[in-house]
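The data block below is work.pdb; it holds PDB, C-alpha atoms and all ligand atoms.
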```
ATOM      1  CA  MET O  63      78.077 -37.324-178.818  1.00  0.00           C
ATOM      2  CA  ALA O  64      77.318 -41.026-179.338  1.00  0.00           C
ATOM      3  CA  GLN O  65      74.476 -42.297-177.133  1.00  0.00           C
ATOM      4  CA  PHE O  66      74.105 -45.746-175.542  1.00  0.00           C
ATOM      5  CA  SER O  67      70.647 -47.236-175.230  1.00  0.00           C
ATOM      6  CA  ILE O  68      69.193 -50.602-174.189  1.00  0.00           C
ATOM      7  CA  ARG O  69      65.938 -51.477-175.950  1.00  0.00           C
ATOM      8  CA  PRO O  70      63.745 -54.581-176.304  1.00  0.00           C
ATOM      9  CA  MET O  71      64.941 -56.816-179.162  1.00  0.00           C
ATOM     10  CA  THR O  72      62.469 -56.887-182.064  1.00  0.00           C
ATOM     11  CA  GLU O  73      62.143 -59.351-184.945  1.00  0.00           C
ATOM     12  CA  ALA O  74      63.632 -56.675-187.188  1.00  0.00           C
ATOM     13  CA  ASP O  75      66.799 -56.678-185.011  1.00  0.00           C
ATOM     14  CA  VAL O  76      67.377 -60.429-185.331  1.00  0.00           C
ATOM     15  CA  PRO O  77      69.360 -60.402-188.634  1.00  0.00           C
ATOM     16  CA  THR O  78      71.821 -57.905-187.102  1.00  0.00           C
ATOM     17  CA  VAL O  79      71.972 -59.918-183.874  1.00  0.00           C
ATOM     18  CA  ILE O  80      72.731 -63.054-185.913  1.00  0.00           C
ATOM     19  CA  LEU O  81      75.712 -61.354-187.573  1.00  0.00           C
ATOM     20  CA  VAL O  82      77.245 -60.812-184.119  1.00  0.00           C
ATOM     21  CA  GLU O  83      76.201 -64.255-182.883  1.00  0.00           C
ATOM     22  CA  ASN O  84      77.918 -65.939-185.846  1.00  0.00           C
ATOM     23  CA  GLN O  85      81.002 -63.796-185.364  1.00  0.00           C
ATOM     24  CA  ILE O  86      81.586 -64.667-181.686  1.00  0.00           C
ATOM     25  CA  TYR O  87      80.377 -68.239-181.129  1.00  0.00           C
ATOM     26  CA  GLU O  88      81.526 -71.526-182.610  1.00  0.00           C
ATOM     27  CA  PHE O  89      78.042 -72.895-181.926  1.00  0.00           C
ATOM     28  CA  PRO O  90      75.786 -69.865-182.398  1.00  0.00           C
ATOM     29  CA  TRP O  91      72.057 -69.539-181.747  1.00  0.00           C
ATOM     30  CA  THR O  92      70.073 -69.604-184.976  1.00  0.00           C
ATOM     31  CA  HIS O  93      67.525 -67.125-186.284  1.00  0.00           C
ATOM     32  CA  ARG O  94      64.876 -69.646-185.211  1.00  0.00           C
ATOM     33  CA  ASN O  95      66.319 -69.836-181.652  1.00  0.00           C
ATOM     34  CA  PHE O  96      65.944 -66.056-181.272  1.00  0.00           C
ATOM     35  CA  LEU O  97      62.422 -65.968-182.725  1.00  0.00           C
ATOM     36  CA  ASP O  98      61.291 -68.917-180.583  1.00  0.00           C
ATOM     37  CA  SER O  99      62.722 -67.199-177.482  1.00  0.00           C
ATOM     38  CA  MET O 100      60.870 -64.013-178.410  1.00  0.00           C
ATOM     39  CA  ARG O 101      57.602 -65.905-178.850  1.00  0.00           C
ATOM     40  CA  ALA O 102      58.165 -67.663-175.523  1.00  0.00           C
ATOM     41  CA  GLY O 103      58.223 -64.222-173.884  1.00  0.00           C
ATOM     42  CA  TYR O 104      61.834 -64.213-172.727  1.00  0.00           C
ATOM     43  CA  HIS O 105      63.414 -60.905-171.720  1.00  0.00           C
ATOM     44  CA  MET O 106      65.493 -59.944-174.776  1.00  0.00           C
ATOM     45  CA  HIS O 107      67.252 -56.622-175.116  1.00  0.00           C
ATOM     46  CA  CYS O 108      69.854 -55.068-177.388  1.00  0.00           C
ATOM     47  CA  MET O 109      72.421 -52.469-176.415  1.00  0.00           C
ATOM     48  CA  TRP O 110      73.058 -49.834-179.096  1.00  0.00           C
ATOM     49  CA  LEU O 111      75.626 -47.126-179.567  1.00  0.00           C
ATOM     50  CA  ASP O 112      73.563 -44.720-181.626  1.00  0.00           C
ATOM     51  CA  GLU O 113      72.227 -47.143-184.283  1.00  0.00           C
ATOM     52  CA  GLU O 114      75.128 -49.623-184.059  1.00  0.00           C
ATOM     53  CA  LEU O 115      74.530 -52.897-182.216  1.00  0.00           C
ATOM     54  CA  VAL O 116      76.963 -53.337-179.288  1.00  0.00           C
ATOM     55  CA  GLY O 117      75.507 -56.501-177.747  1.00  0.00           C
ATOM     56  CA  TYR O 118      72.436 -58.257-176.404  1.00  0.00           C
ATOM     57  CA  ILE O 119      71.099 -60.116-173.384  1.00  0.00           C
ATOM     58  CA  VAL O 120      68.481 -62.862-173.171  1.00  0.00           C
ATOM     59  CA  MET O 121      66.992 -63.886-169.833  1.00  0.00           C
ATOM     60  CA  MET O 122      64.158 -66.204-168.836  1.00  0.00           C
ATOM     61  CA  HIS O 123      62.004 -65.593-165.746  1.00  0.00           C
ATOM     62  CA  VAL O 124      61.402 -68.961-164.065  1.00  0.00           C
ATOM     63  CA  VAL O 125      59.306 -68.819-160.884  1.00  0.00           C
ATOM     64  CA  ASP O 126      61.380 -66.583-158.584  1.00  0.00           C
ATOM     65  CA  GLU O 127      64.674 -66.705-160.522  1.00  0.00           C
ATOM     66  CA  PHE O 128      66.070 -65.194-163.679  1.00  0.00           C
ATOM     67  CA  HIS O 129      68.072 -67.512-165.931  1.00  0.00           C
ATOM     68  CA  LEU O 130      70.702 -65.826-168.103  1.00  0.00           C
ATOM     69  CA  LEU O 131      70.558 -67.546-171.496  1.00  0.00           C
ATOM     70  CA  ASN O 132      72.692 -65.310-173.705  1.00  0.00           C
ATOM     71  CA  LEU O 133      75.042 -62.377-173.028  1.00  0.00           C
ATOM     72  CA  SER O 134      77.030 -61.238-176.029  1.00  0.00           C
ATOM     73  CA  ILE O 135      79.173 -58.281-177.036  1.00  0.00           C
ATOM     74  CA  ARG O 136      80.344 -57.634-180.612  1.00  0.00           C
ATOM     75  CA  ALA O 137      83.907 -58.926-181.058  1.00  0.00           C
ATOM     76  CA  ASP O 138      85.530 -55.560-181.764  1.00  0.00           C
ATOM     77  CA  LEU O 139      83.859 -53.973-178.714  1.00  0.00           C
ATOM     78  CA  GLN O 140      84.745 -56.646-176.145  1.00  0.00           C
ATOM     79  CA  GLY O 141      86.973 -55.837-173.172  1.00  0.00           C
ATOM     80  CA  LYS O 142      85.692 -52.263-172.818  1.00  0.00           C
ATOM     81  CA  GLY O 143      83.228 -52.771-169.970  1.00  0.00           C
ATOM     82  CA  HIS O 144      80.110 -53.229-172.131  1.00  0.00           C
ATOM     83  CA  GLY O 145      79.508 -56.830-171.022  1.00  0.00           C
ATOM     84  CA  LYS O 146      79.724 -55.823-167.376  1.00  0.00           C
ATOM     85  CA  HIS O 147      77.314 -52.931-167.976  1.00  0.00           C
ATOM     86  CA  LEU O 148      74.768 -55.108-169.784  1.00  0.00           C
ATOM     87  CA  LEU O 149      74.978 -57.851-167.128  1.00  0.00           C
ATOM     88  CA  GLN O 150      74.507 -55.307-164.321  1.00  0.00           C
ATOM     89  CA  TRP O 151      71.523 -53.890-166.198  1.00  0.00           C
ATOM     90  CA  GLY O 152      70.057 -57.410-166.500  1.00  0.00           C
ATOM     91  CA  ILE O 153      70.547 -57.991-162.778  1.00  0.00           C
ATOM     92  CA  GLY O 154      68.717 -54.712-162.169  1.00  0.00           C
ATOM     93  CA  GLN O 155      65.803 -55.931-164.320  1.00  0.00           C
ATOM     94  CA  ALA O 156      65.684 -59.212-162.399  1.00  0.00           C
ATOM     95  CA  LYS O 157      65.586 -57.345-159.091  1.00  0.00           C
ATOM     96  CA  LEU O 158      62.792 -55.096-160.376  1.00  0.00           C
ATOM     97  CA  ALA O 159      60.837 -58.288-161.160  1.00  0.00           C
ATOM     98  CA  ASN O 160      61.408 -59.393-157.532  1.00  0.00           C
ATOM     99  CA  ALA O 161      63.598 -62.348-158.501  1.00  0.00           C
ATOM    100  CA  ILE O 162      65.658 -63.810-155.664  1.00  0.00           C
ATOM    101  CA  GLY O 163      68.669 -64.471-157.876  1.00  0.00           C
ATOM    102  CA  MET O 164      70.135 -65.224-161.285  1.00  0.00           C
ATOM    103  CA  LEU O 165      71.263 -68.589-162.634  1.00  0.00           C
ATOM    104  CA  LEU O 166      73.551 -69.190-165.619  1.00  0.00           C
ATOM    105  CA  GLU O 167      75.619 -71.817-167.382  1.00  0.00           C
ATOM    106  CA  VAL O 168      79.087 -71.120-168.754  1.00  0.00           C
ATOM    107  CA  ARG O 169      81.712 -73.174-170.536  1.00  0.00           C
ATOM    108  CA  PRO O 170      84.717 -73.916-168.257  1.00  0.00           C
ATOM    109  CA  SER O 171      86.915 -72.863-171.226  1.00  0.00           C
ATOM    110  CA  ASN O 172      85.325 -69.380-171.393  1.00  0.00           C
ATOM    111  CA  ALA O 173      87.764 -67.458-169.153  1.00  0.00           C
ATOM    112  CA  GLU O 174      86.398 -63.995-170.051  1.00  0.00           C
ATOM    113  CA  ALA O 175      82.810 -64.840-169.192  1.00  0.00           C
ATOM    114  CA  LYS O 176      83.740 -66.797-166.054  1.00  0.00           C
ATOM    115  CA  GLY O 177      85.894 -63.861-164.920  1.00  0.00           C
ATOM    116  CA  LEU O 178      83.029 -61.443-165.471  1.00  0.00           C
ATOM    117  CA  TYR O 179      80.505 -63.583-163.593  1.00  0.00           C
ATOM    118  CA  GLU O 180      82.846 -64.172-160.646  1.00  0.00           C
ATOM    119  CA  LYS O 181      83.562 -60.459-160.409  1.00  0.00           C
ATOM    120  CA  GLU O 182      79.829 -59.748-160.387  1.00  0.00           C
ATOM    121  CA  GLY O 183      79.301 -62.091-157.447  1.00  0.00           C
ATOM    122  CA  PHE O 184      78.128 -65.302-159.131  1.00  0.00           C
ATOM    123  CA  LYS O 185      79.130 -68.448-157.205  1.00  0.00           C
ATOM    124  CA  LEU O 186      79.795 -71.859-158.668  1.00  0.00           C
ATOM    125  CA  ILE O 187      76.969 -74.167-157.544  1.00  0.00           C
ATOM    126  CA  GLY O 188      77.400 -77.173-159.811  1.00  0.00           C
ATOM    127  CA  ALA O 189      78.022 -78.572-163.257  1.00  0.00           C
ATOM    128  CA  ARG O 190      75.957 -80.093-166.040  1.00  0.00           C
ATOM    129  CA  LYS O 191      77.619 -83.005-167.831  1.00  0.00           C
ATOM    130  CA  ASN O 192      77.937 -82.835-171.632  1.00  0.00           C
ATOM    131  CA  TYR O 193      75.792 -79.687-171.805  1.00  0.00           C
ATOM    132  CA  TYR O 194      77.406 -77.893-174.749  1.00  0.00           C
ATOM    133  CA  PRO O 195      78.283 -79.069-178.253  1.00  0.00           C
ATOM    134  CA  ALA O 196      82.038 -79.069-178.843  1.00  0.00           C
ATOM    135  CA  HIS O 197      84.314 -80.067-181.701  1.00  0.00           C
ATOM    136  CA  ALA O 198      85.519 -83.163-179.857  1.00  0.00           C
ATOM    137  CA  GLY O 199      82.302 -84.553-178.378  1.00  0.00           C
ATOM    138  CA  ARG O 200      80.646 -82.310-175.816  1.00  0.00           C
ATOM    139  CA  GLU O 201      81.725 -79.903-173.065  1.00  0.00           C
ATOM    140  CA  ASP O 202      80.359 -79.699-169.511  1.00  0.00           C
ATOM    141  CA  ALA O 203      78.742 -76.502-168.242  1.00  0.00           C
ATOM    142  CA  LEU O 204      79.551 -74.785-164.987  1.00  0.00           C
ATOM    143  CA  VAL O 205      76.387 -73.629-163.223  1.00  0.00           C
ATOM    144  CA  MET O 206      76.664 -70.324-161.377  1.00  0.00           C
ATOM    145  CA  PHE O 207      74.147 -68.473-159.219  1.00  0.00           C
ATOM    146  CA  LYS O 208      73.996 -64.984-157.781  1.00  0.00           C
ATOM    147  CA  ARG O 209      71.608 -64.541-154.871  1.00  0.00           C
ATOM    148  CA  PHE O 210      70.176 -61.059-154.498  1.00  0.00           C
ATOM    149  CA  GLY O 211      69.408 -59.197-151.318  1.00  0.00           C
ATOM    150  CA  ALA O 212      71.179 -58.660-148.039  1.00  0.00           C
ATOM    151  CA  LEU O 213      72.962 -62.018-148.110  1.00  0.00           C
ATOM    152  CA  ALA O 214      74.308 -61.594-151.686  1.00  0.00           C
TER     153      ALA O 214
HETATM  154  C1  LIG R 301      81.853 -62.507-172.067  1.00  0.00           C
HETATM  155  C2  LIG R 301      81.520 -61.117-172.612  1.00  0.00           C
HETATM  156  C3  LIG R 301      80.010 -60.916-172.600  1.00  0.00           C
HETATM  157  C4  LIG R 301      82.158 -60.082-171.667  1.00  0.00           C
HETATM  158  O1  LIG R 301      81.884 -58.790-172.158  1.00  0.00           O
HETATM  159  P1  LIG R 301      83.093 -57.741-172.373  1.00  0.00           P
HETATM  160  O2  LIG R 301      82.480 -56.451-172.751  1.00  0.00           O
HETATM  161  O3  LIG R 301      84.088 -58.334-173.280  1.00  0.00           O
HETATM  162  O4  LIG R 301      83.703 -57.702-170.897  1.00  0.00           O
HETATM  163  P2  LIG R 301      84.006 -56.410-170.017  1.00  0.00           P
HETATM  164  O5  LIG R 301      84.946 -55.521-170.739  1.00  0.00           O
HETATM  165  O6  LIG R 301      82.722 -55.834-169.533  1.00  0.00           O
HETATM  166  O7  LIG R 301      84.806 -57.075-168.820  1.00  0.00           O
HETATM  167  C5  LIG R 301      84.146 -57.351-167.628  1.00  0.00           C
HETATM  168  C6  LIG R 301      84.980 -58.257-166.751  1.00  0.00           C
HETATM  169  O8  LIG R 301      85.199 -59.505-167.393  1.00  0.00           O
HETATM  170  C7  LIG R 301      86.364 -60.077-166.848  1.00  0.00           C
HETATM  171  N1  LIG R 301      87.282 -60.436-167.928  1.00  0.00           N
HETATM  172  C8  LIG R 301      87.358 -59.899-169.156  1.00  0.00           C
HETATM  173  N2  LIG R 301      88.312 -60.529-169.873  1.00  0.00           N
HETATM  174  C9  LIG R 301      88.834 -61.479-169.060  1.00  0.00           C
HETATM  175  C10 LIG R 301      89.822 -62.491-169.206  1.00  0.00           C
HETATM  176  N3  LIG R 301      90.496 -62.638-170.350  1.00  0.00           N
HETATM  177  N4  LIG R 301      90.073 -63.320-168.153  1.00  0.00           N
HETATM  178  C11 LIG R 301      89.385 -63.189-166.982  1.00  0.00           C
HETATM  179  N5  LIG R 301      88.436 -62.250-166.794  1.00  0.00           N
HETATM  180  C12 LIG R 301      88.165 -61.424-167.815  1.00  0.00           C
HETATM  181  C13 LIG R 301      86.966 -59.073-165.921  1.00  0.00           C
HETATM  182  O9  LIG R 301      86.507 -59.357-164.625  1.00  0.00           O
HETATM  183  C14 LIG R 301      86.356 -57.774-166.419  1.00  0.00           C
HETATM  184  O10 LIG R 301      86.266 -56.825-165.429  1.00  0.00           O
HETATM  185  P3  LIG R 301      87.456 -55.730-165.264  1.00  0.00           P
HETATM  186  O11 LIG R 301      87.678 -55.144-166.622  1.00  0.00           O
HETATM  187  O12 LIG R 301      86.846 -54.786-164.307  1.00  0.00           O
HETATM  188  O13 LIG R 301      88.624 -56.506-164.768  1.00  0.00           O
HETATM  189  C15 LIG R 301      82.092 -60.879-174.034  1.00  0.00           C
HETATM  190  O14 LIG R 301      83.483 -61.019-174.002  1.00  0.00           O
HETATM  191  C16 LIG R 301      81.501 -61.798-175.087  1.00  0.00           C
HETATM  192  O15 LIG R 301      80.491 -61.456-175.707  1.00  0.00           O
HETATM  193  N6  LIG R 301      82.141 -62.960-175.325  1.00  0.00           N
HETATM  194  C17 LIG R 301      81.700 -63.873-176.362  1.00  0.00           C
HETATM  195  C18 LIG R 301      80.349 -64.444-176.037  1.00  0.00           C
HETATM  196  C19 LIG R 301      80.325 -65.143-174.697  1.00  0.00           C
HETATM  197  O16 LIG R 301      81.200 -65.958-174.415  1.00  0.00           O
HETATM  198  N7  LIG R 301      79.286 -64.841-173.887  1.00  0.00           N
HETATM  199  C20 LIG R 301      79.094 -65.438-172.591  1.00  0.00           C
HETATM  200  C21 LIG R 301      78.444 -66.755-172.743  1.00  0.00           C
HETATM  201  S1  LIG R 301      78.222 -67.540-171.141  1.00  0.00           S
END
```

Output the file's structure as structure tokens, nothing else.
Amino acid sequence: MAQFSIRPMTEADVPTVILVENQIYEFPWTHRNFLDSMRAGYHMHCMWLDEELVGYIVMMHVVDEFHLLNLSIRADLQGKGHGKHLLQWGIGQAKLANAIGMLLEVRPSNAEAKGLYEKEGFKLIGARKNYYPAHAGREDALVMFKRFGALA
């Protein structure tokens, strides 16, 4: 039976990660972005189904919060619960590191991601003007936060 696993992303994984990144984003992270993030010590993990890449998650630990920088699922495997699983795993990692919550930015036009974050208890706390590149100028980001603990 096929086995899921979540493992730290290595430099050797980056070319495969980039194939997915280029497939699913209009403005993808570059090879350099992933390597720089790795060298900066960000939490970077890949989810595999046997030896096939399903998706990946990149998080940054800033003081007492985790910041979700990238959550991606291969196009043909989206909508099957993998994104939710990987996000919940990331939240578990943040809690293990004693973070008080998780912060993220999302494009207002990204209904799937917004829907996932809302369902997982992230609340809208603000917006960042002209945060993302877009074909016609730039797009704002919604800023969402999930507080951990009894009050979450
Ligand atoms: C966003 C993404 C990570 C979600 O992963 P996924 O595996 O496709 O999503 P899941 O199957 O786990 O769905 C989880 C939840 O998302 C929400 N969702 C999914 N599609 C949705 C849609 N079209 N509208 C609203 N909510 C939606 C639902 O709440 C769903 O939960 P449910 O199935 O219990 O109702 C994935 O679609 C992806 O990689 N998209 C492209 C990259 C991206 O935009 N990343 C996020 C950047 S902020």

_Test item: residues no farther than 7 Å from ligand LIG 301 (chain R), counting only C-alpha atoms and all ligand atoms, as a PyMOL selection string_ = chain O and resi 86-87+132-137+139-147+167-169+172-178+181

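Here CA of Leu148 (chain O) stands at a distance of 28.5 Å from CA of Arg200 (chain O).
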
*In Å to one decimal, how far is CA of Leu111 (chain O) from CA of Ile68 (chain O)?*
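Spanning CA of Ile68 (chain O) to CA of Leu111 (chain O) is a straight-line distance of 9.1 Å.
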
*asked:* If I take CA of Ala74 (chain O) and CA of Pro90 (chain O), how far is one from the other in Å, to one decimal?
replied: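 Separating CA of Ala74 (chain O) from CA of Pro90 (chain O) is a distance of 18.6 Å.
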
*Please return, as a PyMOL selection string, all polymer residues that have at least one atom within 7 Å of the point (69.4, -66.9, -186.8); use all atoms listed in the file and the file's own coordinate frame.*
chain O and resi 76-77+80+91-96

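Look at Met122 (chain O): the protein and nucleic acid residues within 7 Å of it, using all atoms listed in the file and passing over chain neighbours fewer than 3 places away, are Tyr104, His105, Phe128, His129 and Leu130 of chain O.
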
Mind telling me what the PyMOL selection byres (((chain O and resi 107) around 8) and not hetatm) catches here, as an mmCIF file with C-alpha atoms, keeping the file's coordinate frame?
```cif
data_model
loop_
_atom_site.group_PDB
_atom_site.id
_atom_site.type_symbol
_atom_site.label_atom_id
_atom_site.label_comp_id
_atom_site.auth_asym_id
_atom_site.auth_seq_id
_atom_site.Cartn_x
_atom_site.Cartn_y
_atom_site.Cartn_z
ATOM 1 C CA ILE O 68 69.193 -50.602 -174.189
ATOM 2 C CA ARG O 69 65.938 -51.477 -175.950
ATOM 3 C CA PRO O 70 63.745 -54.581 -176.304
ATOM 4 C CA MET O 71 64.941 -56.816 -179.162
ATOM 5 C CA HIS O 105 63.414 -60.905 -171.720
ATOM 6 C CA MET O 106 65.493 -59.944 -174.776
ATOM 7 C CA CYS O 108 69.854 -55.068 -177.388
ATOM 8 C CA MET O 109 72.421 -52.469 -176.415
ATOM 9 C CA TYR O 118 72.436 -58.257 -176.404
ATOM 10 C CA ILE O 119 71.099 -60.116 -173.384
ATOM 11 C CA VAL O 120 68.481 -62.862 -173.171
#
```

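Taking only C-alpha atoms into account, Ile187 (chain O) lies nearest to O:Arg209 out of the set O:Arg209, O:Phe66, O:Asp126, O:Ala102.
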
*Explicit residues for the PyMOL selection byres (((chain O and resi 156) around 12) and not hetatm) (as a ChimeraX atom specification)*: /O:105,120-130,149-155,157-165,208-211

Report the centre and edge lengths, in Å to one decimal, of an axis-aligned box enclosing every atom of region 183-188 of chain O listed in the file, padded by 3 Å on each side, as AutoDock Vina command-line options.
```
--center_x 78.4 --center_y -69.6 --center_z -158.5 --size_x 8.8 --size_y 21.1 --size_z 8.6
```

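Among the candidates O:Tyr179, O:Arg190, O:Pro195, O:Glu114, the one nearest to Phe207 (chain O) when counting all atoms listed in the file is O:Tyr179.
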
*asked:* Env of Lys191 (chain O): 10 Å cut, atoms = only C-alpha atoms, seq-sep filter 3 positions within chain, self excluded. Answer as a ChimeraX atom specification.
replied: /O:188,194,200-204
